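Scroll down for the structure; my scribbles are underneath it.
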Amino acid sequence: MLALVFDIYLEEPLLVGEPAAGDPNSLRSLDFIPGSTLRGALIEAFLRKRGLADPLADSETRNLFFEGGLTFLHAYPVDQRGHRTLPVPLSWFTPKDLPDPIYDFAAGEADVEDVKQMAEPFCSLEARDDRTCAELVTPRKTVVVHINRGGSGVGNKTVFQYVSLAADQAFQAVVLAEKQRYLEIMADLLGEAKLRLGRSRSAGYGSVVVENLHNDDNWSEYQENNPFSSLIIVTALSDILLRDENGAYTTDLDGVVGVHHQAAYVGTRIVGGFNRKWGLPLPQATAIKAGSVYVYASSEALLAKLRELQQYGVGERREEGYGRIAVNWHGAQEVTRAVVGEETPLPEALKGGSAAIAARMAERLLRARLDRALVMAINRIDVISSPSPAQLAHLRVQARRAMITGNLGLLVNYLQKMKRPAWEQFNLARMGGGQFFSGQPLYGWLLDLVRRPETVWEILGVYAQQRPVPAIGQQEAALTQALAIEYVVRLIDGLARKLSREKTSAGGERAGERS
């Protein structure tokens, strides 16, 4: 099957909320990025690029997104090898007091007592020395408490909590198509678009970067590990939305398969969504939970039917990643936890024109990431007793000259030869904002920054990320000296502009109070 595979790296926490339930003042994110979220973001990017207002008015838009041209699978976390993980089967159990072994009851119930289901939501399987090993993955979450002020009255303020996917982790997404041209259109969009996903995107959530974008003409969602069993084990790789003959949602897969199961390990989940065009939430439905397992007696006819269903999916909303199944993906009676940390070989590097294109894409992604970090740093940095707007204007003029020439020596010379009245204003000003340089004189901070421009990466938080620079097909962007000079100048200019506005605004308020 033709596929476009790419990693989604979270620059900021991501909030893709479950349907409302429980505490109304708390919102918990899903453990993955739904295909519907990716589909909606790419529809928006496609319409913006084509200058279209109504997606249904354009035939190509309909073919791509609404008539089955593309299928957007859920983005699941990657394992240590960079592979897309899959939901842990609900037929897996482990002793309550021991991490190993993992028993797969789909292959036959083990003679053990006091077992529990797995706590980890995702896994990847690998055969090692006649054993089946599973690397178990749990996405990191971050908890943040916010205050909804609501109004000026004390009673209008509400405390609420977001439990979001933490920044600095990667998820792998896949777009499927039967026409290569459709994937080329998506690749162009993903290479150019600046994506923001999920909720609260204007409040520091949802900024993501697309990495390792590549085509796979023979993509497979999993590797079959149990091809010769007397059983057929069907596993839900995503939530499945099925209806019975009366139109009600059901958890009975037998109606689709046409055979009654021998055993089943099934969970349910409430599935919802949001339609941006309508501005309304989608109706909620009960789905077969990802990881649910159905066991059938083996037959060639059933196996052939299941392989067809595996390719296209079952149930509703398949274009959004629902309805994915695996056939005989697992089946070993005992599974061993994989030891995390073993090195794996890197994929073959790109060559020629492909390498040049990948390098340009990586550089664009790096600049987009740095631009967002720059805005956040300027907003975060505070200066106590800042210089007058006139002195800040002089500083901005010198910064612009340094930007044009690419020579920070102009700023060094300006600061070192500054007249005493101006020097006193910059020296009396103190850095704030809770940074590592808090309390330092503004003058000393500026001089140190222009003398050592590489320190700007620390201020922007570049090295605090797991992947400081993006890479496309092993073509890694570089934090060059010229880039450091550019962002030093932009940081100084942006900070001076912000301080000047604050100073002018404060002066106007005092004048209004006196009048």
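Letters for chains follow the order of the structure tokens (A, B, ...), residue numbers begin at 1 for each chain, and ligand numbers begin at 1 in the order shown.
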
- Message: Using DSSP assignments from the backbone, pull out every residue in stretch 217-427 of chain A that falls under helix (DSSP H, G or I) and give it to me as a ChimeraX atom specification.
- Response: /A:254-257,300-312,318-320,352-380,389-405,409-416,420-427

Selected residues, C-alpha atoms, written as a PDB file, in the first residue's frame, please.
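Output file selection.pdb follows:
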ATOM      1  CA  ASP A 254     -18.676 -11.263  14.481  1.00  0.00           C
ATOM      2  CA  GLY A 255     -21.299  -9.530  12.351  1.00  0.00           C
ATOM      3  CA  VAL A 256     -18.554  -8.208  10.074  1.00  0.00           C
ATOM      4  CA  VAL A 257     -16.437 -11.354  10.101  1.00  0.00           C
ATOM      5  CA  GLU A 300      -8.483 -20.239   4.691  1.00  0.00           C
ATOM      6  CA  ALA A 301     -11.740 -18.516   3.728  1.00  0.00           C
ATOM      7  CA  LEU A 302     -11.870 -16.543   6.973  1.00  0.00           C
ATOM      8  CA  LEU A 303      -8.196 -15.630   6.692  1.00  0.00           C
ATOM      9  CA  ALA A 304      -8.683 -14.296   3.147  1.00  0.00           C
ATOM     10  CA  LYS A 305     -11.671 -12.199   4.228  1.00  0.00           C
ATOM     11  CA  LEU A 306      -9.821 -10.793   7.235  1.00  0.00           C
ATOM     12  CA  ARG A 307      -6.804  -9.818   5.135  1.00  0.00           C
ATOM     13  CA  GLU A 308      -9.079  -7.748   2.896  1.00  0.00           C
ATOM     14  CA  LEU A 309     -10.661  -6.088   5.934  1.00  0.00           C
ATOM     15  CA  GLN A 310      -7.201  -5.478   7.349  1.00  0.00           C
ATOM     16  CA  GLN A 311      -6.186  -3.521   4.250  1.00  0.00           C
ATOM     17  CA  TYR A 312      -9.192  -1.203   4.115  1.00  0.00           C
ATOM     18  CA  ARG A 318     -12.046   4.873   8.406  1.00  0.00           C
ATOM     19  CA  GLU A 319     -10.593   7.915   6.603  1.00  0.00           C
ATOM     20  CA  GLU A 320      -9.806   9.303  10.085  1.00  0.00           C
ATOM     21  CA  GLY A 352      21.851  13.955  -4.616  1.00  0.00           C
ATOM     22  CA  GLY A 353      18.826  16.146  -5.178  1.00  0.00           C
ATOM     23  CA  SER A 354      16.819  14.386  -2.472  1.00  0.00           C
ATOM     24  CA  ALA A 355      19.464  15.284   0.096  1.00  0.00           C
ATOM     25  CA  ALA A 356      19.436  18.941  -0.988  1.00  0.00           C
ATOM     26  CA  ILE A 357      15.639  19.134  -0.731  1.00  0.00           C
ATOM     27  CA  ALA A 358      15.706  17.450   2.673  1.00  0.00           C
ATOM     28  CA  ALA A 359      18.397  19.877   3.874  1.00  0.00           C
ATOM     29  CA  ARG A 360      16.297  22.888   2.830  1.00  0.00           C
ATOM     30  CA  MET A 361      13.250  21.448   4.564  1.00  0.00           C
ATOM     31  CA  ALA A 362      15.254  20.849   7.742  1.00  0.00           C
ATOM     32  CA  GLU A 363      16.523  24.433   7.678  1.00  0.00           C
ATOM     33  CA  ARG A 364      12.975  25.787   7.260  1.00  0.00           C
ATOM     34  CA  LEU A 365      11.789  23.672  10.167  1.00  0.00           C
ATOM     35  CA  LEU A 366      14.678  24.906  12.315  1.00  0.00           C
ATOM     36  CA  ARG A 367      13.925  28.542  11.526  1.00  0.00           C
ATOM     37  CA  ALA A 368      10.233  28.049  12.288  1.00  0.00           C
ATOM     38  CA  ARG A 369      11.134  26.492  15.632  1.00  0.00           C
ATOM     39  CA  LEU A 370      13.596  29.285  16.457  1.00  0.00           C
ATOM     40  CA  ASP A 371      11.088  31.984  15.494  1.00  0.00           C
ATOM     41  CA  ARG A 372       8.553  30.607  17.942  1.00  0.00           C
ATOM     42  CA  ALA A 373      11.183  30.275  20.663  1.00  0.00           C
ATOM     43  CA  LEU A 374      12.291  33.871  20.026  1.00  0.00           C
ATOM     44  CA  VAL A 375       8.783  35.246  20.517  1.00  0.00           C
ATOM     45  CA  MET A 376       8.379  33.235  23.709  1.00  0.00           C
ATOM     46  CA  ALA A 377      11.764  34.415  25.048  1.00  0.00           C
ATOM     47  CA  ILE A 378      10.997  38.090  24.382  1.00  0.00           C
ATOM     48  CA  ASN A 379       7.649  37.766  26.137  1.00  0.00           C
ATOM     49  CA  ARG A 380       9.238  35.884  29.031  1.00  0.00           C
ATOM     50  CA  PRO A 389      12.621  54.912  25.109  1.00  0.00           C
ATOM     51  CA  ALA A 390      15.203  57.238  23.521  1.00  0.00           C
ATOM     52  CA  GLN A 391      18.121  55.062  24.669  1.00  0.00           C
ATOM     53  CA  LEU A 392      16.302  51.916  23.591  1.00  0.00           C
ATOM     54  CA  ALA A 393      15.732  53.481  20.151  1.00  0.00           C
ATOM     55  CA  HIS A 394      19.499  54.119  19.809  1.00  0.00           C
ATOM     56  CA  LEU A 395      20.137  50.472  20.708  1.00  0.00           C
ATOM     57  CA  ARG A 396      17.671  49.298  18.051  1.00  0.00           C
ATOM     58  CA  VAL A 397      19.380  51.419  15.373  1.00  0.00           C
ATOM     59  CA  GLN A 398      22.725  49.783  16.144  1.00  0.00           C
ATOM     60  CA  ALA A 399      21.101  46.343  16.176  1.00  0.00           C
ATOM     61  CA  ARG A 400      19.672  46.903  12.697  1.00  0.00           C
ATOM     62  CA  ARG A 401      23.076  47.967  11.391  1.00  0.00           C
ATOM     63  CA  ALA A 402      24.574  44.800  12.834  1.00  0.00           C
ATOM     64  CA  MET A 403      21.825  42.758  11.146  1.00  0.00           C
ATOM     65  CA  ILE A 404      22.537  44.303   7.729  1.00  0.00           C
ATOM     66  CA  THR A 405      26.302  43.777   7.965  1.00  0.00           C
ATOM     67  CA  GLY A 409      31.380  44.161  16.424  1.00  0.00           C
ATOM     68  CA  LEU A 410      29.231  47.239  15.737  1.00  0.00           C
ATOM     69  CA  LEU A 411      27.137  46.484  18.813  1.00  0.00           C
ATOM     70  CA  VAL A 412      30.200  45.686  20.928  1.00  0.00           C
ATOM     71  CA  ASN A 413      31.768  49.000  19.911  1.00  0.00           C
ATOM     72  CA  TYR A 414      28.514  50.893  20.622  1.00  0.00           C
ATOM     73  CA  LEU A 415      28.158  49.418  24.114  1.00  0.00           C
ATOM     74  CA  GLN A 416      31.807  49.925  25.063  1.00  0.00           C
ATOM     75  CA  ARG A 420      28.082  57.733  30.920  1.00  0.00           C
ATOM     76  CA  PRO A 421      24.410  58.896  31.273  1.00  0.00           C
ATOM     77  CA  ALA A 422      23.295  56.184  28.853  1.00  0.00           C
ATOM     78  CA  TRP A 423      25.606  53.600  30.455  1.00  0.00           C
ATOM     79  CA  GLU A 424      24.109  54.339  33.875  1.00  0.00           C
ATOM     80  CA  GLN A 425      20.589  53.684  32.587  1.00  0.00           C
ATOM     81  CA  PHE A 426      21.560  50.321  31.101  1.00  0.00           C
ATOM     82  CA  ASN A 427      23.670  49.375  34.129  1.00  0.00           C
TER      83      ASN A 427
END

- Message: Give me the residues near A:Thr235 as a ChimeraX atom specification, where near means some atom within 7 Å (using only C-alpha atoms) and where sequence neighbours in that chain fewer than 6 positions away do not count.
- Response: /A:89,291-294,325-327

Hey, could you make a per-residue contact list for stretch 68-181 of chain A against stretch 329-336 of chain A with 10 Å as the cut-off, showing the nearest pair of atoms and its distance in Å to one decimal, counting only C-alpha atoms, sorted by chain and number, as a Markdown table?
| residue | atom | partner | partner_atom | distance |
| --- | --- | --- | --- | --- |
| A:Pro89 | CA | A:His330 | CA | 8.6 |
| A:Ser91 | CA | A:Gly331 | CA | 9.9 |
| A:Trp92 | CA | A:Val335 | CA | 8.8 |
| A:Phe93 | CA | A:Glu334 | CA | 9.7 |
| A:Thr94 | CA | A:Val335 | CA | 9.7 |
| A:Pro99 | CA | A:Thr336 | CA | 9.1 |
| A:Asp100 | CA | A:Thr336 | CA | 6.4 |
| A:Pro101 | CA | A:Thr336 | CA | 5.6 |
| A:Ile102 | CA | A:Val335 | CA | 4.9 |
| A:Tyr103 | CA | A:Glu334 | CA | 4.8 |
| A:Asp104 | CA | A:Gln333 | CA | 5.0 |
| A:Phe105 | CA | A:Gln333 | CA | 7.0 |
| A:Ala106 | CA | A:Gly331 | CA | 6.8 |
| A:Ala107 | CA | A:Gly331 | CA | 5.3 |
| A:Gly108 | CA | A:Gln333 | CA | 6.7 |
| A:Glu109 | CA | A:Gln333 | CA | 8.2 |
| A:Ala110 | CA | A:Gln333 | CA | 7.8 |
| A:Leu125 | CA | A:His330 | CA | 8.1 |
| A:Glu126 | CA | A:Thr336 | CA | 9.9 |
| A:Ala127 | CA | A:Val335 | CA | 9.9 |
| A:Arg128 | CA | A:Thr336 | CA | 9.7 |
| A:Arg131 | CA | A:Val335 | CA | 7.2 |
| A:Thr132 | CA | A:Val335 | CA | 5.3 |
| A:Cys133 | CA | A:Thr336 | CA | 4.7 |
| A:Ala134 | CA | A:Thr336 | CA | 6.1 |
| A:Glu135 | CA | A:Thr336 | CA | 8.7 |

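If you measure from each of A:Pro453, A:Tyr9, A:Ile232, A:Leu47 to A:Asp168 using only C-alpha atoms, the closest one turns out to be A:Tyr9.
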
- Task: Within 9 Å of A:Gln161, counting only C-alpha atoms, which residues show up once you throw out same-chain ones fewer than 5 positions away? Write them as a PyMOL selection string, please.
- Result: chain A and resi 25-28+143-147

- Quick one: distance from atom CA of A:Val489 to atom CA of A:Val462 in Å, one decimal? 16.9 Å

- Residue list (strand (DSSP E or B), DSSP) for stretch 135-333 of chain A, as an MDAnalysis selection string: chainID A and resid 135:137 141:148 158:165 170:177 196 207:216 231:236 240 242:243 249:250 263:265 268:271 274:275 280:281 285:288 293:297 325:327

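Minimum atom-to-atom distance to A:Arg243, evaluated using only C-alpha atoms, belongs to A:Val314 out of A:Val259, A:Leu73, A:Ala290, A:Val314.
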
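For the set A:Thr455, A:Asn212, A:Ser500, A:Gln172, the residue with the smallest atom-to-atom gap to A:Leu479 is A:Thr455, counting only C-alpha atoms.
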
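Comparing A:Glu316, A:Asn275, A:Gly323, A:Leu42 by their smallest distance to A:Lys289, the closest is A:Gly323 (using only C-alpha atoms).
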
- Excluding A:Asp79 and residues on its chain fewer than 4 positions from it, collect all residues at most 10 Å away from it, counting only C-alpha atoms, and give them as a VMD selection string. chain A and resid 83 to 86 122 to 124 135 to 138 170 to 172 340
